[in-house]
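Let me begin by presenting the structure, written as structure tokens, before commenting on it.
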Amino acid sequence: MEVVFRCPSCEQTGRSPLNEETTEIPCASCGQVCGVPPEAIGSQGISRCVICRSHDLFIRKDFPQRLGVIIVVVGSLASCYAWYRHALFLTFGILFITAAIDVLLYLLVRDAIVCYRCGAHYRGYDDDDSHTPFNLEIHERYRQEAARQELKGVNKAVDPDQNLSPRV
């Protein structure tokens with residue numbers, strides 16, 4: 001298994017191998033070490049995030065979403081051009097080929113486990129059914145939590161002794 005994560009201290013993306021014997025994950029940029037909880041990785045796979053310790057993880061296809069959107073857009077534009085040229089069979093052929101590419105990629109691409117809180121990706125795990133697909137409600141909870149933390153950080157940066165009232 002491999003984890004791709006954003007370092008909590010330097011915000012750089014790091015990559016590290018991960019198995020049951022791993023006790024710490026070092027950042028290649030700043031050298032900070034994240035300790036791995038012993039109960040996070042077991043024989044069943046990963047049960048919690050080793051970077052932020054969250055239990056909320058989800059499964060998604062390990063495929064770049066932008067590339068998927070590009071494939072659909074190119075197929076749509078090509079079929080629109082064929083439709084404009086009154087090539088009915090070519091129009092539907094392009095649409096069916098685009099759909100076939102989508103289905104083929106869905107079947108061939110492996111899954112990855114992703115953390116809702118920090119976005120760490122866990123690749124190369126054995127398929128287990130302990131994680132659910134993406135849940136927008138959980139994602140929104142963590143997004144709002146991050147926004148509140150960012151707002152608290154901005155409010156702490158303002159000098160409390162500074163007079164913010166308008167001048168009269």
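Here, A, B, ... name the chains of the structure tokens in the order displayed, residue numbers run from 1 inside each chain, and ligands are numbered from 1 in the same displayed order.
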For this session: Can you check which residues of chain A DSSP gives as strand (DSSP E) on the backbone and send them as a VMD selection string?
Result: chain A and resid 2 to 6 13 to 17 24 to 26 33 to 35 41 to 42 45 to 46 57 to 61 111 to 115 121 to 123 132 to 133
Problem set entry | Distance query A:Asp111 at most 6 Å, only C-alpha atoms, self and fewer than 5 positions along chain excluded, as an MDAnalysis selection string | chainID A and resid 60:62
For this session: Name the residues in contact with A:Val4 at a cut-off of 9 Å, using only C-alpha atoms, excluding same-chain residues fewer than 2 positions from it; report them as number ranges by chain.
Result: A: 2, 6, 13-17, 119-123
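Around A:Thr22, within 12 Å and counting only C-alpha atoms, the residues found are Met1, Glu2, Val3, Ser16, Pro17, Leu18, Asn19, Ile25, Pro26, Val33, Cys34, Gly35, Val36, Pro37, Pro38, Glu39, Ala40, Ile41, Gly42 and Val50 of chain A, once anything fewer than 3 positions away on its own chain is removed.
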Problem set entry | From A:Val103, A:Ile113, A:Ile51, A:Cys7, residue lying nearest A:Tyr125 [only C-alpha atoms] |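 Counting only C-alpha atoms, the residue closest to A:Tyr125 is A:Ile113.
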Problem set entry | Computed interatomic separation between atom CA of A:Pro8 and atom CA of A:Ser130 (Å) |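 Interatomic distance here is 26.4 Å.
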